[in-house]
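Let me begin by presenting the structure, written as structure tokens, before commenting on it.
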Amino acid sequence: MTEEIRLCIIDDIPDVVEGISMGIPWAEHGITVAGTAGNGVAGRELILRTKPHIVLTDIRMPRLDGLAMMKELEPECPGMKIIFISGYTDFEYAQQAVRLGAFDYVIKPFHPGQIVDIVLKAKAAIEEETRHERQYRDMERKLRESMPYLRQEYFQLLLQYPAPAEQAARRWEFLNIGLEREGFTVMLAEIDGFAERTLSAPVQEVELIRFTLHNILEETINSFTKGFIFRDHTNRFVAVMNPAAGCSMEALAEHCRENIAQYSKFTVSLGIGDVVGYIHEIFYSYNQARTALSYNFYAGGNSVYSYRNVQPMDETVPQYSAEKEKELFYYLRSGNLSKAEDTLEELFTAGVNGVNPHPEVIKGRYYELAFLMNRVFAEKLSPEEMKPLEKQAHRLNDSPVYSLRELTETVKELCRMGCGSLEQKHSDAANHLVDQVIAYIRGHLHENNTVNDYARLVFLSGSYFANLFKKVTGTPVGQFVTAERRERAKEMLAEGRAVQDIALALGYEGRQYFSELFKKHTGMTPSEFKQAYTDKDK
């Protein structure tokens, strides 16, 4: 304790006053003599002026005795330690001193050591009381500081579990909740796209955003009614409110939505529960607000839904065409992206009939559809090729806050990825087959094979192979063979081979027919080409 203890000494015998005040080194004990007096009246004035911690006073004094003086001062100086001095051993005096709350009682004659011991005991008692008082004040301060958290904890329990009415009311009183005791509505406000938009933001900035939105909600609600607002998720606030006079809860929620959009860079989606009568029923309004909030799935954010205006879960269940699903899977197996996307769009819009089923029903249907699509792709793709598709499908389950638009796009992207992988696989297979035939053609230019002959090499029909070959190379099979023979003829002419030998080596019936074809495509006879090539070398 840093504060010095103040001591007042009151006695009608000057030697006693001087001996106690001057003869004892009080400063060494952390005690200051605040003043002395020689009678009860002067003592009373001294005590009122100096407010001492300890008073050492004689009982019998002129004008006003010690007992009467302290009785008058009792209401003015609570907690003051009174030590009475008396030459009387009368039990009646001792009783009166105890009734006045005397700390101790000293009988004359005494020696200084007795006085020091008693005063130090009083000092220790004062310091202990001060320590307890400080602890109590500190506890009170901490309680005041933690009251918002205690209130939030209380409401979170009310929201999660139906509480017994009497228990809920008792805690309500203790926490001094600033709402009316009857009539409550719960509103949930979820920050749209919060995780994505704050992913790389510093923690301080994220907390500032939450604080700002909390304040906007609080000011808006409190301008219409009493409410308690707190955060129960990283991106969601809960408002427990009394119904607003002259303003519907839907209108109040719209005010909140508009103010958030106007005064911040964010938007919120809001869900409102029905009004309940009593504290222990807040649980029901909260769950209704959660259901209402889930319908923002359709709007994609920045909207308000009230529980009274949404359909119960079991009233609207979408019906999907099994034939359309089969049609979709057929297009997926063939890698026909355009047709698959058209069919998906029909499935997305079918069966709803202009109303919005419960979001969980739609989400479940989309998860199932994505699973079935991946089963189709797995029939055609290897486990390694399926990894990106499985990751895309897992996104549906890993992101429960999807809007309908985002959910639809995720399934469409799965369709695009799967069809793209199949198309690439088909393209690779086609290229491989065509490469096989091209290698054969180049090694057998002397043979006069038909398209069907080449198709049989890769176990395809003639017409399918002809179309495939042209798709891959851009050239019909016959033209490709002719071009390959012409290029080989040029090489052989450059090597100095005889025209007759070249014609036979490339499968032509005779020199004349070969020469006619060669001139038709190059503008020169084989001999002229050979001569031109030889002249260049010179």
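Chain lettering (A, B, ...) mirrors the order of the structure tokens, residue numbering begins at 1 for each chain separately, and ligand numbering begins at 1 in order of display.
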What parts of stretch 249-451 of chain A does DSSP call strand (DSSP E or B)? I'd like the answer as a list in words.
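Residues meeting the strand (DSSP E or B) criterion: Val268, Ser269, Leu270, Gly271, Ile272, Val276, Val304, Tyr305 and Ser306 of chain A.
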Find the spatial neighbours of A:Asp11, counting only C-alpha atoms, within a cut-off of 10 Å - ignore same-chain residues fewer than 3 positions away - and output them as a list in words.
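Using only C-alpha atoms, the neighbours found are Pro14, Asp15, Val16, Val17, Glu18, Thr36, Ala37, Gly38, Asn39, Gly40, Gly43, Leu56, Thr57, Asp58, Ile59, Arg60, Met61, Pro62, Asp65, Gly66, Ile85 and Ser86 of chain A.
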Near A:Phe184, counting only C-alpha atoms, which residues have an atom at most 12 Å away, once you skip same-chain residues fewer than 4 positions from it, shown as a PyMOL selection string?
chain A and resi 179-180+225-228+239-244+249+272-286
Got time to write the residues from that selection, N, CA and C atoms, as a short mmCIF file (atom, residue, chain, number, x, y, z; two decimals), in the first residue's frame?
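Wrote it out as part_5.cif, contents follow:
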```cif
data_model
loop_
_atom_site.label_atom_id
_atom_site.label_comp_id
_atom_site.auth_asym_id
_atom_site.auth_seq_id
_atom_site.Cartn_x
_atom_site.Cartn_y
_atom_site.Cartn_z
N LEU A 179 -33.57 -4.96 -23.14
CA LEU A 179 -34.71 -5.19 -24.01
C LEU A 179 -35.96 -5.37 -23.15
N GLU A 180 -37.11 -5.22 -23.80
CA GLU A 180 -38.35 -5.54 -23.11
C GLU A 180 -38.40 -7.04 -22.82
N THR A 225 -36.15 0.22 -32.78
CA THR A 225 -36.56 -0.59 -31.64
C THR A 225 -35.34 -0.94 -30.79
N LYS A 226 -35.56 -1.67 -29.71
CA LYS A 226 -34.44 -2.14 -28.88
C LYS A 226 -33.92 -3.46 -29.44
N GLY A 227 -32.61 -3.59 -29.48
CA GLY A 227 -32.02 -4.81 -30.00
C GLY A 227 -30.65 -5.08 -29.42
N PHE A 228 -30.28 -6.34 -29.42
CA PHE A 228 -28.94 -6.74 -28.99
C PHE A 228 -28.30 -7.45 -30.17
N ALA A 239 -29.15 -10.53 -34.49
CA ALA A 239 -29.84 -9.42 -33.82
C ALA A 239 -31.09 -9.97 -33.15
N VAL A 240 -31.14 -9.84 -31.81
CA VAL A 240 -32.34 -10.21 -31.05
C VAL A 240 -33.06 -8.91 -30.73
N MET A 241 -34.30 -8.76 -31.21
CA MET A 241 -34.98 -7.47 -31.14
C MET A 241 -36.39 -7.62 -30.58
N ASN A 242 -36.87 -6.56 -29.97
CA ASN A 242 -38.30 -6.43 -29.71
C ASN A 242 -38.97 -5.96 -30.99
N PRO A 243 -40.20 -6.37 -31.26
CA PRO A 243 -40.89 -5.89 -32.47
C PRO A 243 -40.93 -4.36 -32.50
N ALA A 244 -40.71 -3.80 -33.68
CA ALA A 244 -40.68 -2.34 -33.83
C ALA A 244 -42.10 -1.81 -34.02
N MET A 249 -40.84 -6.12 -39.44
CA MET A 249 -39.48 -6.64 -39.36
C MET A 249 -38.85 -6.72 -40.75
N ILE A 272 -35.17 -13.50 -41.38
CA ILE A 272 -35.94 -13.06 -40.20
C ILE A 272 -36.83 -14.19 -39.72
N GLY A 273 -36.80 -14.45 -38.40
CA GLY A 273 -37.70 -15.42 -37.80
C GLY A 273 -39.01 -14.76 -37.38
N ASP A 274 -39.98 -15.59 -36.98
CA ASP A 274 -41.26 -15.06 -36.50
C ASP A 274 -41.10 -14.48 -35.10
N VAL A 275 -42.08 -13.71 -34.67
CA VAL A 275 -42.10 -13.16 -33.31
C VAL A 275 -42.47 -14.25 -32.32
N VAL A 276 -41.71 -14.34 -31.22
CA VAL A 276 -42.05 -15.26 -30.13
C VAL A 276 -42.33 -14.43 -28.88
N GLY A 277 -43.03 -15.03 -27.93
CA GLY A 277 -43.50 -14.26 -26.80
C GLY A 277 -42.51 -14.07 -25.68
N TYR A 278 -41.72 -15.12 -25.37
CA TYR A 278 -40.94 -15.09 -24.14
C TYR A 278 -39.47 -15.43 -24.39
N ILE A 279 -38.65 -15.13 -23.37
CA ILE A 279 -37.20 -15.29 -23.48
C ILE A 279 -36.82 -16.69 -23.90
N HIS A 280 -37.41 -17.70 -23.24
CA HIS A 280 -36.99 -19.08 -23.49
C HIS A 280 -37.45 -19.60 -24.85
N GLU A 281 -38.21 -18.79 -25.62
CA GLU A 281 -38.66 -19.20 -26.94
C GLU A 281 -37.82 -18.60 -28.07
N ILE A 282 -36.81 -17.79 -27.72
CA ILE A 282 -35.96 -17.16 -28.73
C ILE A 282 -35.34 -18.21 -29.65
N PHE A 283 -35.06 -19.38 -29.10
CA PHE A 283 -34.50 -20.50 -29.85
C PHE A 283 -35.28 -20.76 -31.14
N TYR A 284 -36.62 -20.73 -31.05
CA TYR A 284 -37.45 -21.05 -32.21
C TYR A 284 -37.34 -19.97 -33.29
N SER A 285 -37.32 -18.71 -32.89
CA SER A 285 -37.19 -17.63 -33.87
C SER A 285 -35.83 -17.69 -34.56
N TYR A 286 -34.80 -18.06 -33.80
CA TYR A 286 -33.45 -18.17 -34.38
C TYR A 286 -33.40 -19.23 -35.48
#
```
Expected answer as a ChimeraX atom specification: alpha helix (DSSP H) residues in stretch 73-229 of chain A
/A:73,91-99,112-160,165-175,194-197,203-222
